[in-house]
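Q: The structure that follows is given in the form of structure tokens.
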Amino acid sequence: MIYREVLAKRLERKRQQLVELERLVNSEEVASSVEKRKFIELKAIVNELENCLDMADSMFKFNNNDSEKKE
């Protein structure tokens with residue numbers, strides 16, 4: 001379950017970075033193309049981490065159910 005905890009912590013850090021960049025991109029100041037690209041990349045990373053976290057949860061539940069059936 002350590003894998004899930006690592007993913008959750010990384011996801012939280014990336015979400016915080018995304019919020020900061022979102023404020024910058026949506027502010028009245030002109031955001032550079034580098035900042036916009038980084039924002040899009042961070043959104044993709046957050047989505048991928050959420051998917052990985054869902055898979056980790058599913059695998060953990062599957063392993064628990066499989067272990068209970070063997071006993």
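Here, A, B, ... name the chains of the structure tokens in the order displayed, residue numbers run from 1 inside each chain, and ligands are numbered from 1 in the same displayed order.
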Write out as a list in words which residues come within 12 Å of Val25 in chain A when counting only C-alpha atoms, dropping same-chain ones fewer than 5 positions away.
A: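 Listed by chain and then number, they are Leu18, Val19, Glu20, Val30, Ala31, Ser32, Ser33, Val34, Glu35, Lys36, Arg37, Lys38, Phe39 and Ile40 of chain A.
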Q: Those residues with C-alpha atoms, as a short mmCIF file (atom, residue, chain, number, x, y, z; two decimals), in the first residue's frame please?
A:
data_model
loop_
_atom_site.label_atom_id
_atom_site.label_comp_id
_atom_site.auth_asym_id
_atom_site.auth_seq_id
_atom_site.Cartn_x
_atom_site.Cartn_y
_atom_site.Cartn_z
CA LEU A 18 -1.66 23.20 -11.09
CA VAL A 19 -3.68 25.57 -8.92
CA GLU A 20 -0.79 28.04 -8.79
CA VAL A 30 -0.46 37.85 -19.94
CA ALA A 31 0.81 34.31 -19.41
CA SER A 32 3.70 33.19 -21.55
CA SER A 33 3.43 30.27 -23.92
CA VAL A 34 5.81 28.32 -21.67
CA GLU A 35 3.49 28.77 -18.69
CA LYS A 36 0.47 27.73 -20.77
CA ARG A 37 2.32 24.62 -22.01
CA LYS A 38 3.35 23.75 -18.47
CA PHE A 39 -0.27 24.18 -17.33
CA ILE A 40 -1.50 21.76 -20.01
#
Q: If we count only C-alpha atoms and set the cut-off at 10 Å, which residues sit around range 51-67 of chain A, ignoring sequence neighbours fewer than 4 positions away in its own chain? Please answer as JSON, numbers by chain.
A: {"A": [1, 3, 4, 5, 6, 7, 8, 11, 45, 46, 47, 71]}
Q: Output the selection as a PDB file, in the first residue's frame - C-alpha atoms for each residue.
A:
ATOM      1  CA  MET A   1       0.000   0.000   0.000  1.00  0.00           C
ATOM      2  CA  TYR A   3       2.685   2.640  -3.685  1.00  0.00           C
ATOM      3  CA  ARG A   4      -0.743   4.209  -3.181  1.00  0.00           C
ATOM      4  CA  GLU A   5       0.532   6.599  -0.526  1.00  0.00           C
ATOM      5  CA  VAL A   6       3.389   7.739  -2.771  1.00  0.00           C
ATOM      6  CA  LEU A   7       0.962   8.317  -5.638  1.00  0.00           C
ATOM      7  CA  ALA A   8      -1.426  10.235  -3.390  1.00  0.00           C
ATOM      8  CA  LEU A  11      -0.874  13.846  -6.872  1.00  0.00           C
ATOM      9  CA  ILE A  45       0.032  14.562 -15.253  1.00  0.00           C
ATOM     10  CA  VAL A  46      -2.738  15.047 -12.687  1.00  0.00           C
ATOM     11  CA  ASN A  47      -5.142  12.997 -14.821  1.00  0.00           C
ATOM     12  CA  GLU A  71      -8.628 -18.737   3.291  1.00  0.00           C
TER      13      GLU A  71
END
Q: As an exercise, work out the distance from CA of Glu29 in chain A to CA of Glu12 in chain A in Å and give it to one decimal place.
A: 26.2 Å
Q: For CA of Ser27 in chain A and CA of Lys9 in chain A, determine how far apart the two atoms are, in Å to one decimal place.
A: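 These two atoms are separated by 27.4 Å.
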Q: Name the closest residue to Glu41 in chain A among the candidates A:Arg15, A:Glu28, A:Ile2, A:Arg10; distances are taken between atoms, counting only C-alpha atoms.
A: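 With only C-alpha atoms as the atom set, the closest residue is A:Arg15.
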